[in-house]
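Novice: This is the content of my_file-v7.cif (mmCIF, C-alpha atoms and all ligand atoms; chains and numbers go by the auth columns):
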```
data_upload
loop_
_atom_site.group_PDB
_atom_site.id
_atom_site.type_symbol
_atom_site.label_atom_id
_atom_site.label_comp_id
_atom_site.label_asym_id
_atom_site.label_seq_id
_atom_site.Cartn_x
_atom_site.Cartn_y
_atom_site.Cartn_z
_atom_site.B_iso_or_equiv
_atom_site.auth_seq_id
_atom_site.auth_asym_id
ATOM 1 C CA MET A 1 144.779 123.747 102.519 0.00 147 A
ATOM 2 C CA LEU A 2 143.129 122.255 99.476 0.00 148 A
ATOM 3 C CA ALA A 3 142.490 123.867 96.154 0.00 149 A
ATOM 4 C CA ASP A 4 138.860 124.347 95.223 0.00 150 A
ATOM 5 C CA ALA A 5 138.601 122.954 91.708 0.00 151 A
ATOM 6 C CA HIS A 6 135.637 125.163 90.840 0.00 152 A
ATOM 7 C CA SER A 7 136.743 128.580 91.952 0.00 153 A
ATOM 8 C CA GLY A 8 140.486 128.147 92.038 0.00 154 A
ATOM 9 C CA GLU A 9 140.413 129.594 95.547 0.00 155 A
ATOM 10 C CA GLU A 10 141.906 127.830 98.499 0.00 156 A
ATOM 11 C CA PHE A 11 139.788 126.737 101.412 0.00 157 A
ATOM 12 C CA LEU A 12 140.403 124.840 104.588 0.00 158 A
ATOM 13 C CA LEU A 13 138.816 121.388 104.667 0.00 159 A
ATOM 14 C CA ALA A 14 138.805 121.528 108.427 0.00 160 A
ATOM 15 C CA THR A 15 135.910 119.539 109.735 0.00 161 A
ATOM 16 C CA LEU A 16 133.301 116.855 109.273 0.00 162 A
ATOM 17 C CA VAL A 17 130.801 119.009 111.106 0.00 163 A
ATOM 18 C CA HIS A 18 129.701 122.412 109.908 0.00 164 A
ATOM 19 C CA ASN A 19 127.315 122.991 112.798 0.00 165 A
ATOM 20 C CA ALA A 20 128.309 121.479 116.124 0.00 166 A
ATOM 21 C CA GLU A 21 125.836 123.587 118.061 0.00 167 A
ATOM 22 C CA GLU A 22 124.754 121.823 121.221 0.00 168 A
ATOM 23 C CA ILE A 23 121.203 120.882 122.115 0.00 169 A
ATOM 24 C CA ALA A 24 119.753 120.777 125.629 0.00 170 A
ATOM 25 C CA PRO A 25 117.526 118.126 127.205 0.00 171 A
ATOM 26 C CA ARG A 26 113.810 118.924 127.150 0.00 172 A
ATOM 27 C CA GLU A 27 112.146 119.264 130.527 0.00 173 A
ATOM 28 C CA LEU A 28 109.830 116.517 131.722 0.00 174 A
ATOM 29 C CA LYS A 29 106.188 117.487 131.995 0.00 175 A
ATOM 30 C CA PRO A 30 104.884 117.102 135.577 0.00 176 A
ATOM 31 C CA SER A 31 102.278 114.474 134.617 0.00 177 A
ATOM 32 C CA LEU A 32 105.134 112.036 133.905 0.00 178 A
ATOM 33 C CA TYR A 33 105.617 111.746 137.655 0.00 179 A
ATOM 34 C CA GLU A 34 102.036 110.635 138.186 0.00 180 A
ATOM 35 C CA LEU A 35 101.672 107.737 135.780 0.00 181 A
ATOM 36 C CA GLU A 36 99.582 104.700 136.578 0.00 182 A
ATOM 37 C CA GLY A 37 101.808 101.689 137.116 0.00 183 A
ATOM 38 C CA ILE A 38 105.026 103.393 135.999 0.00 184 A
ATOM 39 C CA SER A 39 106.794 104.897 139.001 0.00 185 A
ATOM 40 C CA ARG A 40 108.561 108.221 139.324 0.00 186 A
ATOM 41 C CA GLU A 41 111.779 106.256 139.866 0.00 187 A
ATOM 42 C CA SER A 42 111.375 104.525 136.507 0.00 188 A
ATOM 43 C CA VAL A 43 110.682 107.822 134.743 0.00 189 A
ATOM 44 C CA GLU A 44 113.760 109.294 136.406 0.00 190 A
ATOM 45 C CA ALA A 45 115.818 106.329 135.200 0.00 191 A
ATOM 46 C CA HIS A 46 114.725 107.043 131.608 0.00 192 A
ATOM 47 C CA TYR A 47 115.393 110.754 132.053 0.00 193 A
ATOM 48 C CA LYS A 48 118.887 110.228 133.369 0.00 194 A
ATOM 49 C CA LEU A 49 119.706 108.078 130.354 0.00 195 A
ATOM 50 C CA TYR A 50 118.081 110.643 128.068 0.00 196 A
ATOM 51 C CA GLU A 51 120.255 113.424 129.501 0.00 197 A
ATOM 52 C CA GLY A 52 123.240 111.172 128.863 0.00 198 A
ATOM 53 C CA TYR A 53 122.238 110.707 125.212 0.00 199 A
ATOM 54 C CA VAL A 54 121.904 114.469 124.751 0.00 200 A
ATOM 55 C CA ALA A 55 125.357 115.006 126.290 0.00 201 A
ATOM 56 C CA LYS A 56 126.813 112.229 124.152 0.00 202 A
ATOM 57 C CA ARG A 57 125.305 113.674 120.975 0.00 203 A
ATOM 58 C CA ASN A 58 126.889 117.041 121.757 0.00 204 A
ATOM 59 C CA GLU A 59 130.210 115.484 122.669 0.00 205 A
ATOM 60 C CA ILE A 60 130.390 113.354 119.506 0.00 206 A
ATOM 61 C CA LEU A 61 129.620 116.286 117.220 0.00 207 A
ATOM 62 C CA GLY A 62 132.432 118.176 118.945 0.00 208 A
ATOM 63 C CA LYS A 63 134.805 115.253 118.398 0.00 209 A
ATOM 64 C CA LEU A 64 133.798 114.913 114.758 0.00 210 A
ATOM 65 C CA ALA A 65 134.474 118.601 114.313 0.00 211 A
ATOM 66 C CA ASP A 66 138.005 118.011 115.605 0.00 212 A
ATOM 67 C CA VAL A 67 138.853 115.003 113.416 0.00 213 A
ATOM 68 C CA ASP A 68 141.889 115.776 111.330 0.00 214 A
ATOM 69 C CA LEU A 69 140.932 114.533 107.884 0.00 215 A
ATOM 70 C CA SER A 70 144.379 115.212 106.534 0.00 216 A
ATOM 71 C CA ALA A 71 145.492 112.093 108.417 0.00 217 A
ATOM 72 C CA GLY A 72 143.586 110.021 105.814 0.00 218 A
ATOM 73 C CA ASN A 73 143.340 106.291 106.503 0.00 219 A
ATOM 74 C CA GLN A 74 144.375 106.702 110.101 0.00 220 A
ATOM 75 C CA VAL A 75 141.158 108.434 111.087 0.00 221 A
ATOM 76 C CA TYR A 76 138.528 106.367 109.294 0.00 222 A
ATOM 77 C CA SER A 77 138.097 103.819 112.086 0.00 223 A
ATOM 78 C CA GLU A 78 137.673 106.711 114.521 0.00 224 A
ATOM 79 C CA VAL A 79 135.152 108.300 112.174 0.00 225 A
ATOM 80 C CA ARG A 80 133.313 104.991 112.011 0.00 226 A
ATOM 81 C CA ALA A 81 133.159 104.650 115.809 0.00 227 A
ATOM 82 C CA LEU A 82 131.993 108.239 116.279 0.00 228 A
ATOM 83 C CA LYS A 83 129.356 108.003 113.560 0.00 229 A
ATOM 84 C CA VAL A 84 127.958 104.726 114.899 0.00 230 A
ATOM 85 C CA ASP A 85 127.863 106.171 118.421 0.00 231 A
ATOM 86 C CA LEU A 86 126.153 109.276 117.055 0.00 232 A
ATOM 87 C CA THR A 87 123.248 107.175 115.753 0.00 233 A
ATOM 88 C CA PHE A 88 122.920 105.549 119.173 0.00 234 A
ATOM 89 C CA ALA A 89 122.938 108.907 120.970 0.00 235 A
ATOM 90 C CA ILE A 90 120.502 110.653 118.621 0.00 236 A
ATOM 91 C CA GLY A 91 118.278 107.572 118.617 0.00 237 A
ATOM 92 C CA GLY A 92 118.243 107.655 122.414 0.00 238 A
ATOM 93 C CA VAL A 93 117.265 111.320 122.335 0.00 239 A
ATOM 94 C CA LYS A 94 114.475 110.931 119.788 0.00 240 A
ATOM 95 C CA ASN A 95 113.055 107.703 121.189 0.00 241 A
ATOM 96 C CA HIS A 96 112.820 109.140 124.679 0.00 242 A
ATOM 97 C CA GLU A 97 111.361 112.452 123.539 0.00 243 A
ATOM 98 C CA ILE A 98 108.496 110.538 121.925 0.00 244 A
ATOM 99 C CA TYR A 99 108.159 108.310 125.000 0.00 245 A
ATOM 100 C CA PHE A 100 107.971 111.250 127.434 0.00 246 A
ATOM 101 C CA GLU A 101 105.685 113.304 125.239 0.00 247 A
ATOM 102 C CA HIS A 102 102.999 110.718 124.579 0.00 248 A
ATOM 103 C CA LEU A 103 102.664 109.345 128.111 0.00 249 A
ATOM 104 C CA GLY A 104 100.614 111.099 130.773 0.00 250 A
ATOM 105 C CA GLY A 105 97.216 110.358 129.222 0.00 251 A
ATOM 106 C CA SER A 106 94.504 107.964 130.270 0.00 252 A
ATOM 107 C CA GLY A 107 95.109 105.196 127.737 0.00 253 A
ATOM 108 C CA GLY A 108 92.148 103.215 126.461 0.00 254 A
ATOM 109 C CA ASP A 109 91.368 102.804 122.803 0.00 255 A
ATOM 110 C CA PRO A 110 92.728 105.290 120.274 0.00 256 A
ATOM 111 C CA THR A 111 90.501 108.161 119.261 0.00 257 A
ATOM 112 C CA GLY A 112 90.202 110.392 116.227 0.00 258 A
ATOM 113 C CA ALA A 113 92.525 110.153 113.233 0.00 259 A
ATOM 114 C CA ILE A 114 94.930 107.638 114.762 0.00 260 A
ATOM 115 C CA ALA A 115 92.008 105.315 115.530 0.00 261 A
ATOM 116 C CA ALA A 116 91.000 105.366 111.869 0.00 262 A
ATOM 117 C CA LEU A 117 94.574 104.655 110.746 0.00 263 A
ATOM 118 C CA VAL A 118 94.958 101.789 113.238 0.00 264 A
ATOM 119 C CA GLU A 119 91.687 100.201 112.151 0.00 265 A
ATOM 120 C CA ARG A 120 92.527 100.543 108.477 0.00 266 A
ATOM 121 C CA ASP A 121 96.075 99.167 108.744 0.00 267 A
ATOM 122 C CA PHE A 122 95.714 96.530 111.467 0.00 268 A
ATOM 123 C CA GLY A 123 92.055 95.565 111.107 0.00 269 A
ATOM 124 C CA SER A 124 91.172 96.431 114.700 0.00 270 A
ATOM 125 C CA VAL A 125 92.523 98.166 117.777 0.00 271 A
ATOM 126 C CA GLU A 126 92.914 94.792 119.458 0.00 272 A
ATOM 127 C CA ALA A 127 95.021 93.481 116.580 0.00 273 A
ATOM 128 C CA TRP A 128 97.237 96.571 116.667 0.00 274 A
ATOM 129 C CA ARG A 129 97.662 96.285 120.434 0.00 275 A
ATOM 130 C CA SER A 130 98.492 92.553 120.235 0.00 276 A
ATOM 131 C CA ASP A 131 100.979 93.200 117.459 0.00 277 A
ATOM 132 C CA LEU A 132 102.727 96.028 119.317 0.00 278 A
ATOM 133 C CA LYS A 133 102.787 94.030 122.537 0.00 279 A
ATOM 134 C CA ALA A 134 104.309 91.001 120.783 0.00 280 A
ATOM 135 C CA THR A 135 106.843 93.304 119.104 0.00 281 A
ATOM 136 C CA GLY A 136 107.729 94.769 122.498 0.00 282 A
ATOM 137 C CA MET A 137 108.011 91.314 124.080 0.00 283 A
ATOM 138 C CA GLY A 138 110.284 90.185 121.245 0.00 284 A
ATOM 139 C CA GLY A 139 112.423 93.305 121.022 0.00 285 A
ATOM 140 C CA ARG A 140 115.446 94.139 123.124 0.00 286 A
ATOM 141 C CA GLY A 141 115.008 97.898 123.233 0.00 287 A
ATOM 142 C CA TRP A 142 112.006 99.393 121.473 0.00 288 A
ATOM 143 C CA ALA A 143 108.797 98.758 119.571 0.00 289 A
ATOM 144 C CA TRP A 144 107.351 101.564 117.466 0.00 290 A
ATOM 145 C CA THR A 145 104.148 102.230 115.643 0.00 291 A
ATOM 146 C CA ALA A 146 105.250 104.319 112.701 0.00 292 A
ATOM 147 C CA TYR A 147 103.748 105.686 109.511 0.00 293 A
ATOM 148 C CA ASP A 148 105.634 104.714 106.365 0.00 294 A
ATOM 149 C CA TRP A 149 105.281 107.499 103.809 0.00 295 A
ATOM 150 C CA ASP A 150 106.179 105.282 100.837 0.00 296 A
ATOM 151 C CA GLU A 151 103.731 102.506 101.685 0.00 297 A
ATOM 152 C CA GLN A 152 101.300 105.055 103.165 0.00 298 A
ATOM 153 C CA ARG A 153 100.421 102.844 106.081 0.00 299 A
ATOM 154 C CA LEU A 154 101.311 102.079 109.685 0.00 300 A
ATOM 155 C CA PHE A 155 103.708 99.354 110.761 0.00 301 A
ATOM 156 C CA ASN A 156 104.823 98.153 114.172 0.00 302 A
ATOM 157 C CA TYR A 157 108.597 98.056 113.901 0.00 303 A
ATOM 158 C CA ILE A 158 111.056 96.344 116.245 0.00 304 A
ATOM 159 C CA GLY A 159 114.194 97.874 117.761 0.00 305 A
ATOM 160 C CA ASP A 160 116.991 96.110 119.582 0.00 306 A
ATOM 161 C CA ALA A 161 118.783 99.311 120.512 0.00 307 A
ATOM 162 C CA GLN A 162 118.486 103.090 120.221 0.00 308 A
ATOM 163 C CA ASN A 163 119.882 102.868 116.693 0.00 309 A
ATOM 164 C CA THR A 164 118.308 99.668 115.388 0.00 310 A
ATOM 165 C CA PHE A 165 116.225 99.231 113.214 0.00 311 A
ATOM 166 C CA PRO A 166 114.649 102.458 111.966 0.00 312 A
ATOM 167 C CA ILE A 167 113.274 102.540 108.424 0.00 313 A
ATOM 168 C CA TRP A 168 113.848 105.407 106.021 0.00 314 A
ATOM 169 C CA ASN A 169 110.935 107.729 105.450 0.00 315 A
ATOM 170 C CA ALA A 170 108.824 106.446 108.320 0.00 316 A
ATOM 171 C CA THR A 171 107.597 108.638 111.156 0.00 317 A
ATOM 172 C CA PRO A 172 107.282 107.103 114.623 0.00 318 A
ATOM 173 C CA LEU A 173 104.045 107.943 116.415 0.00 319 A
ATOM 174 C CA ILE A 174 104.271 105.540 119.354 0.00 320 A
ATOM 175 C CA ALA A 175 107.510 104.522 121.050 0.00 321 A
ATOM 176 C CA LEU A 176 107.383 101.644 123.524 0.00 322 A
ATOM 177 C CA ASP A 177 110.597 101.427 125.535 0.00 323 A
ATOM 178 C CA VAL A 178 111.273 97.808 126.507 0.00 324 A
ATOM 179 C CA TYR A 179 114.803 98.177 127.791 0.00 325 A
ATOM 180 C CA GLU A 180 115.137 96.633 131.236 0.00 326 A
ATOM 181 C CA HIS A 181 115.331 100.061 132.909 0.00 327 A
ATOM 182 C CA ALA A 182 111.790 100.699 131.683 0.00 328 A
ATOM 183 C CA TYR A 183 110.189 97.985 133.808 0.00 329 A
ATOM 184 C CA PHE A 184 112.604 96.287 136.192 0.00 330 A
ATOM 185 C CA LEU A 185 112.063 98.695 139.114 0.00 331 A
ATOM 186 C CA ASP A 186 108.288 98.316 138.933 0.00 332 A
ATOM 187 C CA TYR A 187 107.765 94.812 137.577 0.00 333 A
ATOM 188 C CA GLN A 188 111.119 92.984 137.867 0.00 334 A
ATOM 189 C CA THR A 189 111.046 90.500 134.987 0.00 335 A
ATOM 190 C CA ASP A 190 107.334 90.906 134.204 0.00 336 A
ATOM 191 C CA ARG A 191 107.691 92.939 131.031 0.00 337 A
ATOM 192 C CA ALA A 192 104.151 92.105 129.903 0.00 338 A
ATOM 193 C CA SER A 193 102.604 93.927 132.879 0.00 339 A
ATOM 194 C CA TYR A 194 104.751 96.976 132.163 0.00 340 A
ATOM 195 C CA ILE A 195 103.566 96.970 128.538 0.00 341 A
ATOM 196 C CA GLY A 196 100.004 96.919 129.859 0.00 342 A
ATOM 197 C CA ALA A 197 100.801 99.969 132.012 0.00 343 A
ATOM 198 C CA PHE A 198 102.372 101.693 129.000 0.00 344 A
ATOM 199 C CA PHE A 199 99.116 101.303 127.055 0.00 345 A
ATOM 200 C CA ASP A 200 97.159 102.604 130.069 0.00 346 A
ATOM 201 C CA ASN A 201 99.124 105.870 130.074 0.00 347 A
ATOM 202 C CA LEU A 202 99.121 106.732 126.386 0.00 348 A
ATOM 203 C CA ASP A 203 97.891 110.201 125.569 0.00 349 A
ATOM 204 C CA TRP A 204 95.958 109.846 122.320 0.00 350 A
ATOM 205 C CA ARG A 205 95.504 113.609 122.008 0.00 351 A
ATOM 206 C CA THR A 206 99.259 114.043 121.703 0.00 352 A
ATOM 207 C CA ILE A 207 99.479 111.251 119.121 0.00 353 A
ATOM 208 C CA ASN A 208 96.625 112.814 117.153 0.00 354 A
ATOM 209 C CA ASP A 209 98.421 116.164 117.294 0.00 355 A
ATOM 210 C CA TRP A 210 101.370 114.486 115.548 0.00 356 A
ATOM 211 C CA VAL A 211 99.119 112.856 112.939 0.00 357 A
ATOM 212 C CA SER A 212 97.745 116.314 112.259 0.00 358 A
ATOM 213 C CA LYS A 213 101.116 118.108 112.346 0.00 359 A
ATOM 214 C CA TYR A 214 102.673 115.630 109.905 0.00 360 A
ATOM 215 C CA GLN A 215 99.538 115.738 107.758 0.00 361 A
ATOM 216 C CA ILE A 216 99.109 111.979 107.688 0.00 362 A
ATOM 217 C CA GLN A 217 95.969 111.294 105.708 0.00 363 A
ATOM 218 C CA LYS A 218 93.700 108.325 105.955 0.00 364 A
HETATM 219 FE FE FE B . 114.320 104.474 128.415 0.00 1 B
#
```
Spit out the file's structure as structure tokens when you get a sec.
Ligand SMILES: [Fe+2]
Specialist:
Amino acid sequence: MLADAHSGEEFLLATLVHNAEEIAPRELKPSLYELEGISRESVEAHYKLYEGYVAKRNEILGKLADVDLSAGNQVYSEVRALKVDLTFAIGGVKNHEIYFEHLGGSGGDPTGAIAALVERDFGSVEAWRSDLKATGMGGRGWAWTAYDWDEQRLFNYIGDAQNTFPIWNATPLIALDVYEHAYFLDYQTDRASYIGAFFDNLDWRTINDWVSKYQIQK
């Protein structure tokens, strides 16, 4: 029990987590099983990992809630490990939710508001596509097209893992998974062909819904 300096009352500093409520995996939409050039088996591989990230996120919050802070220095390395793992798990959840949600379309060039943003910030659709493809070929885990609210423009960011390297105050609109599980079943080592298939299945309506929901202005 610790004394509350402000009220003089005693309270129990019991936990690092006030709300350890669990989340559940989202269901896959049926169109994810009918993608062009990305097999059902590959989608299932992503989904299995995604379910694992959801479970891990729940488990870590539970463990953080049970950390005994009164042990002081003895728990900080455990706190570090749990907090780092939490970023990996939540990253894996968010990245895959974007991935699943914005596939299932017919690809092609962007339309509507996102087309205008891409042309303004990359010069052309072709330049944006080349940039994202190169980012995906160079990355070890992800490439994202995201809107940076401070710079008020799009960037294609690189990610080596679920928790590297997001930027503060940027909203991802496109999430290209380039982990090996994303392409090895369908293309073996030919990641470039998988990236082509990814572009062919993008659903621009969904991406434009996000541009609208987040109120990103050109
Ligand atoms: Fe994945």
Novice: Show which residues sit within 9 Å of Ala343 (chain A), as a list in words. Count only C-alpha atoms, and ignore same-chain residues fewer than 6 positions away.
Specialist: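 Selected residues are Leu181, Glu182, Gly183, Ile184 and Gly253 of chain A.
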Novice: Leaving out Lys229 (chain A) and any residue of its chain fewer than 5 positions from it, which residues lie within 9 Å of it when counting all atoms listed in the file, given as a compact mmCIF listing (two decimals) with C-alpha atoms, in the frame of the given file?
Specialist:
```txt
# COMPACT_ATOMS: atom_id res chain seq x y z
CA ILE A 206 130.39 113.35 119.51
CA LEU A 210 133.80 114.91 114.76
CA GLU A 224 137.67 106.71 114.52
CA PHE A 234 122.92 105.55 119.17
```
Novice: Could you report the residues within 9 Å of ligand FE 1 (chain B), using only C-alpha atoms and all ligand atoms, as an mmCIF file with C-alpha atoms, in the frame of the given file?
Specialist:
```
data_model
loop_
_atom_site.group_PDB
_atom_site.id
_atom_site.type_symbol
_atom_site.label_atom_id
_atom_site.label_comp_id
_atom_site.auth_asym_id
_atom_site.auth_seq_id
_atom_site.Cartn_x
_atom_site.Cartn_y
_atom_site.Cartn_z
ATOM 1 C CA SER A 188 111.375 104.525 136.507
ATOM 2 C CA VAL A 189 110.682 107.822 134.743
ATOM 3 C CA ALA A 191 115.818 106.329 135.200
ATOM 4 C CA HIS A 192 114.725 107.043 131.608
ATOM 5 C CA TYR A 193 115.393 110.754 132.053
ATOM 6 C CA LYS A 194 118.887 110.228 133.369
ATOM 7 C CA LEU A 195 119.706 108.078 130.354
ATOM 8 C CA TYR A 196 118.081 110.643 128.068
ATOM 9 C CA GLY A 238 118.243 107.655 122.414
ATOM 10 C CA ASN A 241 113.055 107.703 121.189
ATOM 11 C CA HIS A 242 112.820 109.140 124.679
ATOM 12 C CA TYR A 245 108.159 108.310 125.000
ATOM 13 C CA GLY A 287 115.008 97.898 123.233
ATOM 14 C CA TRP A 288 112.006 99.393 121.473
ATOM 15 C CA LEU A 322 107.383 101.644 123.524
ATOM 16 C CA ASP A 323 110.597 101.427 125.535
ATOM 17 C CA VAL A 324 111.273 97.808 126.507
ATOM 18 C CA TYR A 325 114.803 98.177 127.791
ATOM 19 C CA GLU A 326 115.137 96.633 131.236
ATOM 20 C CA HIS A 327 115.331 100.061 132.909
ATOM 21 C CA ALA A 328 111.790 100.699 131.683
#
```
Novice: Out of A:Gly237, A:Ile244, A:Asp231, A:Ile341, which residue has the shortest atom-to-atom distance to Gly282 (chain A) when counting all atoms listed in the file?
Specialist: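 Of A:Gly237, A:Ile244, A:Asp231, A:Ile341, the one nearest Gly282 (chain A) is A:Ile341, counting all atoms listed in the file.
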Novice: Here is a test: counting only C-alpha atoms, which residue of A:Ile313, A:Met283, A:Ala262, A:Ala338 is nearest to Val357 (chain A)?
Specialist: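 Closest to Val357 (chain A) of all the choices is A:Ala262.
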Novice: Only N, CA and C atoms, please: region 222-234 of chain A from the block, as an mmCIF file, in the first residue's frame.
Specialist:
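File produced: result36.cif:
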```cif
data_model
loop_
_atom_site.group_PDB
_atom_site.id
_atom_site.type_symbol
_atom_site.label_atom_id
_atom_site.label_comp_id
_atom_site.auth_asym_id
_atom_site.auth_seq_id
_atom_site.Cartn_x
_atom_site.Cartn_y
_atom_site.Cartn_z
ATOM 1 N N TYR A 222 12.142 -4.937 -13.727
ATOM 2 C CA TYR A 222 12.211 -4.034 -14.888
ATOM 3 C C TYR A 222 12.636 -4.738 -16.173
ATOM 4 N N SER A 223 13.491 -5.751 -16.074
ATOM 5 C CA SER A 223 13.855 -6.468 -17.306
ATOM 6 C C SER A 223 12.660 -7.271 -17.819
ATOM 7 N N GLU A 224 11.836 -7.765 -16.906
ATOM 8 C CA GLU A 224 10.622 -8.473 -17.324
ATOM 9 C C GLU A 224 9.638 -7.491 -17.969
ATOM 10 N N VAL A 225 9.537 -6.313 -17.362
ATOM 11 C CA VAL A 225 8.661 -5.284 -17.932
ATOM 12 C C VAL A 225 9.139 -4.928 -19.334
ATOM 13 N N ARG A 226 10.452 -4.778 -19.476
ATOM 14 C CA ARG A 226 11.009 -4.461 -20.791
ATOM 15 C C ARG A 226 10.621 -5.528 -21.824
ATOM 16 N N ALA A 227 10.850 -6.792 -21.481
ATOM 17 C CA ALA A 227 10.567 -7.884 -22.417
ATOM 18 C C ALA A 227 9.081 -7.902 -22.783
ATOM 19 N N LEU A 228 8.225 -7.745 -21.791
ATOM 20 C CA LEU A 228 6.782 -7.780 -22.063
ATOM 21 C C LEU A 228 6.359 -6.601 -22.923
ATOM 22 N N LYS A 229 6.922 -5.431 -22.636
ATOM 23 C CA LYS A 229 6.505 -4.237 -23.396
ATOM 24 C C LYS A 229 7.003 -4.286 -24.837
ATOM 25 N N VAL A 230 8.218 -4.816 -25.038
ATOM 26 C CA VAL A 230 8.714 -4.966 -26.409
ATOM 27 C C VAL A 230 7.844 -5.984 -27.156
ATOM 28 N N ASP A 231 7.557 -7.102 -26.505
ATOM 29 C CA ASP A 231 6.720 -8.127 -27.143
ATOM 30 C C ASP A 231 5.314 -7.607 -27.428
ATOM 31 N N LEU A 232 4.841 -6.704 -26.569
ATOM 32 C CA LEU A 232 3.507 -6.132 -26.791
ATOM 33 C C LEU A 232 3.469 -5.327 -28.091
ATOM 34 N N THR A 233 4.549 -4.586 -28.376
ATOM 35 C CA THR A 233 4.565 -3.815 -29.630
ATOM 36 C C THR A 233 4.567 -4.755 -30.827
ATOM 37 N N PHE A 234 5.258 -5.885 -30.700
ATOM 38 C CA PHE A 234 5.294 -6.848 -31.803
ATOM 39 C C PHE A 234 3.897 -7.447 -32.020
#
```
